[in-house]
Every structure is written in structure tokens, then in C-alpha cells.
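What's in protein_28.cif: mmCIF, N, CA, C and O atoms
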data_final
loop_
_atom_site.label_atom_id
_atom_site.label_comp_id
_atom_site.auth_asym_id
_atom_site.auth_seq_id
_atom_site.Cartn_x
_atom_site.Cartn_y
_atom_site.Cartn_z
N MET U 1 -40.81 -176.40 -165.38
CA MET U 1 -42.02 -175.86 -164.84
C MET U 1 -42.78 -175.15 -165.95
O MET U 1 -42.20 -174.34 -166.68
N ALA U 2 -44.04 -175.42 -166.08
CA ALA U 2 -44.84 -174.82 -167.13
C ALA U 2 -45.30 -173.42 -166.74
O ALA U 2 -45.59 -173.16 -165.58
N GLU U 3 -45.31 -172.56 -167.71
CA GLU U 3 -45.79 -171.21 -167.45
C GLU U 3 -47.30 -171.19 -167.42
O GLU U 3 -47.95 -171.96 -168.12
N LYS U 4 -47.85 -170.31 -166.58
CA LYS U 4 -49.30 -170.17 -166.53
C LYS U 4 -49.76 -169.47 -167.81
O LYS U 4 -49.17 -168.48 -168.23
N PRO U 5 -50.80 -170.01 -168.43
CA PRO U 5 -51.28 -169.33 -169.64
C PRO U 5 -51.94 -168.00 -169.26
O PRO U 5 -52.62 -167.90 -168.25
N THR U 6 -51.66 -167.03 -170.06
CA THR U 6 -52.28 -165.73 -169.79
C THR U 6 -53.61 -165.67 -170.52
O THR U 6 -53.69 -166.01 -171.70
N THR U 7 -54.61 -165.30 -169.81
CA THR U 7 -55.93 -165.18 -170.42
C THR U 7 -56.34 -163.72 -170.40
O THR U 7 -56.05 -162.99 -169.46
N THR U 8 -56.98 -163.34 -171.44
CA THR U 8 -57.49 -161.98 -171.48
C THR U 8 -58.94 -162.02 -171.03
O THR U 8 -59.66 -162.98 -171.30
N PRO U 9 -59.37 -161.00 -170.31
CA PRO U 9 -60.76 -160.99 -169.88
C PRO U 9 -61.68 -160.95 -171.09
O PRO U 9 -61.28 -160.58 -172.19
N ALA U 10 -62.92 -161.35 -170.85
CA ALA U 10 -63.90 -161.32 -171.93
C ALA U 10 -63.92 -159.92 -172.53
O ALA U 10 -63.62 -158.94 -171.86
N LYS U 11 -64.24 -159.85 -173.77
CA LYS U 11 -64.21 -158.56 -174.45
C LYS U 11 -64.96 -157.51 -173.64
O LYS U 11 -66.17 -157.61 -173.45
N GLU U 12 -64.22 -156.54 -173.16
CA GLU U 12 -64.83 -155.47 -172.41
C GLU U 12 -65.32 -154.42 -173.39
O GLU U 12 -64.66 -154.11 -174.37
N LYS U 13 -66.50 -153.90 -173.11
CA LYS U 13 -67.05 -152.88 -173.99
C LYS U 13 -66.27 -151.60 -173.80
O LYS U 13 -66.05 -151.15 -172.68
N ALA U 14 -65.87 -151.03 -174.89
CA ALA U 14 -65.16 -149.76 -174.83
C ALA U 14 -66.17 -148.65 -174.55
O ALA U 14 -67.20 -148.57 -175.20
N VAL U 15 -65.88 -147.85 -173.55
CA VAL U 15 -66.78 -146.76 -173.19
C VAL U 15 -66.34 -145.53 -173.97
O VAL U 15 -65.18 -145.13 -173.89
N PRO U 16 -67.26 -144.94 -174.73
CA PRO U 16 -66.88 -143.75 -175.50
C PRO U 16 -66.50 -142.58 -174.60
O PRO U 16 -67.11 -142.37 -173.56
N VAL U 17 -65.50 -141.86 -175.01
CA VAL U 17 -65.02 -140.70 -174.26
C VAL U 17 -65.19 -139.47 -175.15
O VAL U 17 -64.89 -139.51 -176.34
N PHE U 18 -65.66 -138.38 -174.55
CA PHE U 18 -65.93 -137.16 -175.29
C PHE U 18 -65.16 -136.00 -174.67
O PHE U 18 -64.93 -135.97 -173.48
N THR U 19 -64.83 -135.02 -175.49
CA THR U 19 -64.21 -133.81 -174.96
C THR U 19 -65.32 -132.95 -174.36
O THR U 19 -66.50 -133.13 -174.65
N LYS U 20 -64.91 -131.99 -173.53
CA LYS U 20 -65.89 -131.08 -172.94
C LYS U 20 -66.64 -130.32 -174.02
O LYS U 20 -67.85 -130.13 -173.93
N ALA U 21 -65.93 -129.91 -175.06
CA ALA U 21 -66.56 -129.16 -176.14
C ALA U 21 -67.63 -130.00 -176.85
O ALA U 21 -68.72 -129.49 -177.16
N GLU U 22 -67.34 -131.27 -177.08
CA GLU U 22 -68.32 -132.15 -177.71
C GLU U 22 -69.55 -132.32 -176.84
O GLU U 22 -70.69 -132.31 -177.33
N LEU U 23 -69.33 -132.47 -175.53
CA LEU U 23 -70.46 -132.63 -174.61
C LEU U 23 -71.32 -131.37 -174.57
O LEU U 23 -72.55 -131.45 -174.59
N ILE U 24 -70.68 -130.22 -174.55
CA ILE U 24 -71.41 -128.95 -174.49
C ILE U 24 -72.22 -128.74 -175.78
O ILE U 24 -73.36 -128.30 -175.74
N GLU U 25 -71.62 -129.07 -176.92
CA GLU U 25 -72.34 -128.95 -178.19
C GLU U 25 -73.56 -129.87 -178.23
O GLU U 25 -74.55 -129.56 -178.88
N SER U 26 -73.48 -130.99 -177.55
CA SER U 26 -74.57 -131.97 -177.54
C SER U 26 -75.33 -131.96 -176.23
O SER U 26 -75.85 -132.99 -175.80
N ALA U 27 -75.43 -130.82 -175.61
CA ALA U 27 -76.11 -130.71 -174.31
C ALA U 27 -77.55 -131.17 -174.38
O ALA U 27 -78.09 -131.69 -173.39
N HIS U 28 -78.19 -131.03 -175.53
CA HIS U 28 -79.58 -131.44 -175.66
C HIS U 28 -79.77 -132.94 -175.41
O HIS U 28 -80.83 -133.37 -174.98
N VAL U 29 -78.74 -133.73 -175.65
CA VAL U 29 -78.81 -135.17 -175.40
C VAL U 29 -78.98 -135.43 -173.90
O VAL U 29 -79.64 -136.38 -173.50
N LEU U 30 -78.38 -134.57 -173.08
CA LEU U 30 -78.49 -134.69 -171.62
C LEU U 30 -79.67 -133.88 -171.09
O LEU U 30 -79.80 -133.68 -169.88
N LYS U 31 -80.51 -133.39 -172.00
CA LYS U 31 -81.71 -132.62 -171.66
C LYS U 31 -81.39 -131.37 -170.86
O LYS U 31 -82.00 -131.09 -169.84
N THR U 32 -80.39 -130.62 -171.33
CA THR U 32 -80.00 -129.38 -170.69
C THR U 32 -79.53 -128.41 -171.76
O THR U 32 -79.54 -128.72 -172.94
N THR U 33 -79.12 -127.24 -171.34
CA THR U 33 -78.62 -126.24 -172.28
C THR U 33 -77.09 -126.21 -172.23
O THR U 33 -76.50 -126.62 -171.22
N PRO U 34 -76.46 -125.70 -173.27
CA PRO U 34 -75.00 -125.60 -173.26
C PRO U 34 -74.49 -124.75 -172.09
O PRO U 34 -73.45 -125.06 -171.50
N ALA U 35 -75.20 -123.69 -171.73
CA ALA U 35 -74.75 -122.82 -170.64
C ALA U 35 -74.74 -123.57 -169.30
O ALA U 35 -73.78 -123.43 -168.52
N ILE U 36 -75.77 -124.34 -169.05
CA ILE U 36 -75.83 -125.08 -167.79
C ILE U 36 -74.75 -126.16 -167.76
O ILE U 36 -74.07 -126.36 -166.74
N LEU U 37 -74.57 -126.86 -168.86
CA LEU U 37 -73.55 -127.92 -168.90
C LEU U 37 -72.15 -127.33 -168.78
O LEU U 37 -71.28 -127.92 -168.15
N THR U 38 -71.94 -126.14 -169.32
CA THR U 38 -70.65 -125.46 -169.18
C THR U 38 -70.36 -125.22 -167.70
O THR U 38 -69.25 -125.45 -167.22
N GLY U 39 -71.36 -124.76 -166.97
CA GLY U 39 -71.20 -124.55 -165.52
C GLY U 39 -70.95 -125.84 -164.78
O GLY U 39 -70.13 -125.90 -163.86
N ALA U 40 -71.63 -126.90 -165.19
CA ALA U 40 -71.46 -128.19 -164.53
C ALA U 40 -70.06 -128.76 -164.74
O ALA U 40 -69.50 -129.41 -163.85
N LEU U 41 -69.49 -128.51 -165.89
CA LEU U 41 -68.17 -129.06 -166.21
C LEU U 41 -67.02 -128.12 -165.85
O LEU U 41 -65.86 -128.47 -166.01
N TYR U 42 -67.34 -126.95 -165.34
CA TYR U 42 -66.33 -125.92 -165.07
C TYR U 42 -65.22 -126.41 -164.13
O TYR U 42 -64.05 -126.19 -164.39
N ASP U 43 -65.58 -127.06 -163.04
CA ASP U 43 -64.59 -127.49 -162.05
C ASP U 43 -63.98 -128.85 -162.34
O ASP U 43 -63.11 -129.30 -161.59
N ILE U 44 -64.40 -129.51 -163.39
CA ILE U 44 -63.85 -130.82 -163.74
C ILE U 44 -62.47 -130.60 -164.36
O ILE U 44 -62.32 -129.85 -165.32
N LYS U 45 -61.47 -131.25 -163.80
CA LYS U 45 -60.09 -131.06 -164.26
C LYS U 45 -59.78 -131.82 -165.55
O LYS U 45 -58.92 -131.44 -166.31
N LYS U 46 -60.49 -132.94 -165.78
CA LYS U 46 -60.23 -133.76 -166.96
C LYS U 46 -60.77 -133.08 -168.22
O LYS U 46 -61.77 -132.38 -168.17
N ASP U 47 -60.10 -133.29 -169.34
CA ASP U 47 -60.57 -132.74 -170.60
C ASP U 47 -61.49 -133.70 -171.33
O ASP U 47 -62.29 -133.29 -172.16
N ASN U 48 -61.37 -134.99 -171.05
CA ASN U 48 -62.18 -136.02 -171.70
C ASN U 48 -63.00 -136.75 -170.64
O ASN U 48 -62.47 -137.15 -169.61
N LEU U 49 -64.29 -136.92 -170.94
CA LEU U 49 -65.20 -137.55 -169.98
C LEU U 49 -66.11 -138.54 -170.69
O LEU U 49 -66.39 -138.41 -171.88
N THR U 50 -66.61 -139.50 -169.93
CA THR U 50 -67.63 -140.39 -170.45
C THR U 50 -68.98 -139.72 -170.25
O THR U 50 -69.10 -138.74 -169.51
N ARG U 51 -69.98 -140.26 -170.88
CA ARG U 51 -71.33 -139.70 -170.72
C ARG U 51 -71.78 -139.81 -169.27
O ARG U 51 -72.39 -138.89 -168.73
N GLU U 52 -71.45 -140.92 -168.61
CA GLU U 52 -71.84 -141.11 -167.21
C GLU U 52 -71.20 -140.07 -166.31
O GLU U 52 -71.83 -139.55 -165.39
N GLU U 53 -69.93 -139.76 -166.56
CA GLU U 53 -69.24 -138.74 -165.76
C GLU U 53 -69.89 -137.37 -165.97
O GLU U 53 -70.05 -136.60 -165.02
N ALA U 54 -70.26 -137.06 -167.21
CA ALA U 54 -70.91 -135.78 -167.50
C ALA U 54 -72.29 -135.72 -166.83
O ALA U 54 -72.66 -134.69 -166.27
N GLU U 55 -73.03 -136.81 -166.88
CA GLU U 55 -74.35 -136.84 -166.23
C GLU U 55 -74.22 -136.66 -164.73
O GLU U 55 -75.03 -135.97 -164.11
N ARG U 56 -73.21 -137.28 -164.13
CA ARG U 56 -72.99 -137.16 -162.69
C ARG U 56 -72.62 -135.72 -162.32
O ARG U 56 -73.13 -135.16 -161.35
N ALA U 57 -71.75 -135.09 -163.12
CA ALA U 57 -71.36 -133.71 -162.88
C ALA U 57 -72.56 -132.78 -163.01
O ALA U 57 -72.75 -131.87 -162.20
N LEU U 58 -73.41 -133.03 -163.99
CA LEU U 58 -74.61 -132.22 -164.20
C LEU U 58 -75.57 -132.39 -163.03
O LEU U 58 -76.10 -131.41 -162.50
N SER U 59 -75.78 -133.61 -162.60
CA SER U 59 -76.67 -133.88 -161.47
C SER U 59 -76.19 -133.19 -160.20
O SER U 59 -76.97 -132.56 -159.49
N ASP U 60 -74.90 -133.29 -159.92
CA ASP U 60 -74.32 -132.64 -158.74
C ASP U 60 -74.45 -131.12 -158.84
O ASP U 60 -74.76 -130.45 -157.86
N PHE U 61 -74.24 -130.58 -160.03
CA PHE U 61 -74.32 -129.13 -160.25
C PHE U 61 -75.74 -128.63 -160.00
O PHE U 61 -75.94 -127.58 -159.39
N LEU U 62 -76.72 -129.38 -160.46
CA LEU U 62 -78.11 -128.95 -160.31
C LEU U 62 -78.61 -129.05 -158.87
O LEU U 62 -79.61 -128.42 -158.53
N LYS U 63 -77.92 -129.80 -158.03
CA LYS U 63 -78.31 -129.93 -156.62
C LYS U 63 -77.83 -128.75 -155.77
O LYS U 63 -78.34 -128.52 -154.70
N HIS U 64 -76.85 -128.00 -156.27
CA HIS U 64 -76.31 -126.87 -155.50
C HIS U 64 -77.32 -125.75 -155.42
O HIS U 64 -77.96 -125.41 -156.43
N PRO U 65 -77.46 -125.15 -154.24
CA PRO U 65 -78.40 -124.03 -154.12
C PRO U 65 -77.88 -122.78 -154.84
O PRO U 65 -76.67 -122.58 -154.95
N VAL U 66 -78.79 -121.98 -155.32
CA VAL U 66 -78.44 -120.73 -155.98
C VAL U 66 -78.41 -119.64 -154.91
O VAL U 66 -79.36 -119.48 -154.15
N LYS U 67 -77.31 -118.91 -154.86
CA LYS U 67 -77.16 -117.86 -153.84
C LYS U 67 -77.51 -116.50 -154.43
O LYS U 67 -77.35 -116.26 -155.62
N ASN U 68 -77.98 -115.61 -153.57
CA ASN U 68 -78.26 -114.26 -153.97
C ASN U 68 -76.93 -113.56 -154.28
O ASN U 68 -75.93 -113.79 -153.64
N GLY U 69 -76.94 -112.67 -155.24
CA GLY U 69 -75.72 -112.01 -155.69
C GLY U 69 -75.15 -111.03 -154.70
O GLY U 69 -74.19 -110.33 -154.99
N GLY U 70 -75.68 -110.93 -153.50
CA GLY U 70 -75.14 -110.02 -152.47
C GLY U 70 -75.63 -108.60 -152.61
O GLY U 70 -74.99 -107.67 -152.15
N LYS U 71 -76.76 -108.43 -153.26
CA LYS U 71 -77.27 -107.07 -153.46
C LYS U 71 -77.99 -106.58 -152.23
O LYS U 71 -78.56 -107.23 -151.48
#
Would you mind writing the structure in this file as C-alpha cells?
Amino acid sequence: MAEKPTTTPAKEKAVPVFTKAELIESAHVLKTTPAILTGALYDIKKDNLTREEAERALSDFLKHPVKNGGK
């Protein structure tokens, strides 16, 4: 019985992965400030993210309402 040939999928593009520190340093690329991006990435458990993941986290963060400090 002949073995099935194994084929590799077409060359998949490697998606660059960045550390949180690298993303925060380059916050201007996402059109934001390092402070805002730090807040957006605060609850993310992963240490390495793609640009798309960082953009999604930033978008979700900016949608949250700002609450009064309880004064």
C-alpha cells in the first residue's frame, strides 16, 4: 500500500509578533499615546501580540465609558 504524500500548505505569511514594550514604544504607529496603549494592553495576559491584536485591544479599550472618580 502506498503512503499518501504529505503536502505542505502554500507558503503562509509569517505574522510579526511584538512584545508589549515594543508596541507601547511604537504607539504613534497606532495613532495613540503610550499611556493609552498601556491601559489598553493592561488586561491582556499574553506578553507577545500581533499588530491586529493590539489594534483590537485598543479599539475595545476606547469604547469603554469613562466613569467619574466617585467624588
Interatomic distance (Å, one decimal) between CA of Gly69 (chain U) and atom C of Thr38 (chain U):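 Computing it gives 18.6 Å between the two atoms.
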Hits of the PyMOL selection byres ((chain U and resi 18) around 4.5) in this structure, as a PyMOL selection string: chain U and resi 16-17+19-20+47-49
What does the distance between CA of Ile24 (chain U) and CA of His64 (chain U) come to in Å, to one decimal place? 19.7 Å
Check the DSSP output for the backbone and give back, as a short mmCIF file (atom, residue, chain, number, x, y, z; two decimals) with N, CA, C and O atoms, in the coordinates of the input, the residues of chain U in strand (DSSP E or B).
data_model
loop_
_atom_site.label_atom_id
_atom_site.label_comp_id
_atom_site.auth_asym_id
_atom_site.auth_seq_id
_atom_site.Cartn_x
_atom_site.Cartn_y
_atom_site.Cartn_z
N PHE U 18 -65.66 -138.38 -174.55
CA PHE U 18 -65.93 -137.16 -175.29
C PHE U 18 -65.16 -136.00 -174.67
O PHE U 18 -64.93 -135.97 -173.48
N THR U 19 -64.83 -135.02 -175.49
CA THR U 19 -64.21 -133.81 -174.96
C THR U 19 -65.32 -132.95 -174.36
O THR U 19 -66.50 -133.13 -174.65
N ASN U 48 -61.37 -134.99 -171.05
CA ASN U 48 -62.18 -136.02 -171.70
C ASN U 48 -63.00 -136.75 -170.64
O ASN U 48 -62.47 -137.15 -169.61
N LEU U 49 -64.29 -136.92 -170.94
CA LEU U 49 -65.20 -137.55 -169.98
C LEU U 49 -66.11 -138.54 -170.69
O LEU U 49 -66.39 -138.41 -171.88
#
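Checking U:Ala40, U:Lys67, U:Glu12, U:Thr33 one by one against Ala54 (chain U), counting all atoms listed in the file, you find the shortest gap at U:Ala40.
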In Å to one decimal, how far is atom O of Leu30 (chain U) from CA of Glu55 (chain U)?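 It comes out at 7.3 Å.
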Considering only C-alpha atoms, state which residue in the set U:Ala14, U:Val29, U:Ala21, U:Ala57 is at the smallest distance from Leu41 (chain U). U:Ala57
For Ile36 (chain U), which of U:Val66, U:Glu22, U:Glu52, U:Leu58 is the closest residue, counting only C-alpha atoms?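 Smallest distance to Ile36 (chain U) is found for U:Leu58.
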Output region 56-67 of chain U as a CSV table (one decimal), keeping the file's coordinate frame, making sure all heavy atoms are there.
chain,number,residue,atom,x,y,z
U,56,ARG,N,-73.2,-137.3,-164.1
U,56,ARG,CA,-73.0,-137.2,-162.7
U,56,ARG,C,-72.6,-135.7,-162.3
U,56,ARG,O,-73.1,-135.2,-161.4
U,56,ARG,CB,-71.9,-138.1,-162.2
U,56,ARG,CG,-71.8,-138.3,-160.7
U,56,ARG,CD,-70.8,-139.4,-160.3
U,56,ARG,NE,-70.7,-140.5,-161.2
U,56,ARG,CZ,-69.6,-140.8,-161.9
U,56,ARG,NH1,-68.5,-140.1,-161.8
U,56,ARG,NH2,-69.6,-141.9,-162.7
U,57,ALA,N,-71.8,-135.1,-163.1
U,57,ALA,CA,-71.4,-133.7,-162.9
U,57,ALA,C,-72.6,-132.8,-163.0
U,57,ALA,O,-72.8,-131.9,-162.2
U,57,ALA,CB,-70.3,-133.3,-163.9
U,58,LEU,N,-73.4,-133.0,-164.0
U,58,LEU,CA,-74.6,-132.2,-164.2
U,58,LEU,C,-75.6,-132.4,-163.0
U,58,LEU,O,-76.1,-131.4,-162.5
U,58,LEU,CB,-75.3,-132.6,-165.5
U,58,LEU,CG,-76.6,-131.9,-165.8
U,58,LEU,CD1,-76.3,-130.4,-166.0
U,58,LEU,CD2,-77.2,-132.4,-167.1
U,59,SER,N,-75.8,-133.6,-162.6
U,59,SER,CA,-76.7,-133.9,-161.5
U,59,SER,C,-76.2,-133.2,-160.2
U,59,SER,O,-77.0,-132.6,-159.5
U,59,SER,CB,-76.8,-135.4,-161.2
U,59,SER,OG,-77.5,-135.7,-160.1
U,60,ASP,N,-74.9,-133.3,-159.9
U,60,ASP,CA,-74.3,-132.6,-158.7
U,60,ASP,C,-74.4,-131.1,-158.8
U,60,ASP,O,-74.8,-130.4,-157.9
U,60,ASP,CB,-72.8,-133.0,-158.6
U,60,ASP,CG,-72.6,-134.5,-158.2
U,60,ASP,OD1,-73.6,-135.1,-157.8
U,60,ASP,OD2,-71.5,-135.0,-158.3
U,61,PHE,N,-74.2,-130.6,-160.0
U,61,PHE,CA,-74.3,-129.1,-160.2
U,61,PHE,C,-75.7,-128.6,-160.0
U,61,PHE,O,-75.9,-127.6,-159.4
U,61,PHE,CB,-73.9,-128.8,-161.7
U,61,PHE,CG,-73.9,-127.4,-162.0
U,61,PHE,CD1,-73.0,-126.5,-161.6
U,61,PHE,CD2,-74.9,-126.9,-162.9
U,61,PHE,CE1,-73.0,-125.1,-161.9
U,61,PHE,CE2,-75.0,-125.5,-163.2
U,61,PHE,CZ,-74.0,-124.7,-162.7
U,62,LEU,N,-76.7,-129.4,-160.5
U,62,LEU,CA,-78.1,-129.0,-160.3
U,62,LEU,C,-78.6,-129.0,-158.9
U,62,LEU,O,-79.6,-128.4,-158.5
U,62,LEU,CB,-79.0,-129.8,-161.2
U,62,LEU,CG,-78.8,-129.5,-162.7
U,62,LEU,CD1,-79.6,-130.4,-163.6
U,62,LEU,CD2,-79.1,-128.0,-163.1
U,63,LYS,N,-77.9,-129.8,-158.0
U,63,LYS,CA,-78.3,-129.9,-156.6
U,63,LYS,C,-77.8,-128.8,-155.8
U,63,LYS,O,-78.3,-128.5,-154.7
U,63,LYS,CB,-77.7,-131.2,-156.0
U,63,LYS,CG,-78.4,-132.5,-156.6
U,63,LYS,CD,-77.8,-133.7,-156.0
U,63,LYS,CE,-78.4,-134.9,-156.7
U,63,LYS,NZ,-77.7,-136.2,-156.2
U,64,HIS,N,-76.8,-128.0,-156.3
U,64,HIS,CA,-76.3,-126.9,-155.5
U,64,HIS,C,-77.3,-125.8,-155.4
U,64,HIS,O,-78.0,-125.4,-156.4
U,64,HIS,CB,-75.0,-126.3,-156.1
U,64,HIS,CG,-73.9,-127.2,-156.0
U,64,HIS,ND1,-72.9,-127.0,-155.0
U,64,HIS,CD2,-73.5,-128.4,-156.6
U,64,HIS,CE1,-72.0,-128.0,-155.1
U,64,HIS,NE2,-72.3,-128.8,-156.1
U,65,PRO,N,-77.5,-125.2,-154.2
U,65,PRO,CA,-78.4,-124.0,-154.1
U,65,PRO,C,-77.9,-122.8,-154.8
U,65,PRO,O,-76.7,-122.6,-155.0
U,65,PRO,CB,-78.5,-123.8,-152.6
U,65,PRO,CG,-77.2,-124.3,-152.1
U,65,PRO,CD,-76.8,-125.5,-153.0
U,66,VAL,N,-78.8,-122.0,-155.3
U,66,VAL,CA,-78.4,-120.7,-156.0
U,66,VAL,C,-78.4,-119.6,-154.9
U,66,VAL,O,-79.4,-119.5,-154.2
U,66,VAL,CB,-79.5,-120.4,-157.1
U,66,VAL,CG1,-79.1,-119.0,-157.7
U,66,VAL,CG2,-79.5,-121.5,-158.1
U,67,LYS,N,-77.3,-118.9,-154.9
U,67,LYS,CA,-77.2,-117.9,-153.8
U,67,LYS,C,-77.5,-116.5,-154.4
U,67,LYS,O,-77.4,-116.3,-155.6
U,67,LYS,CB,-75.7,-117.8,-153.3
U,67,LYS,CG,-75.3,-119.1,-152.6
U,67,LYS,CD,-73.9,-119.0,-152.1
U,67,LYS,CE,-73.5,-120.3,-151.4
U,67,LYS,NZ,-72.2,-120.2,-150.9
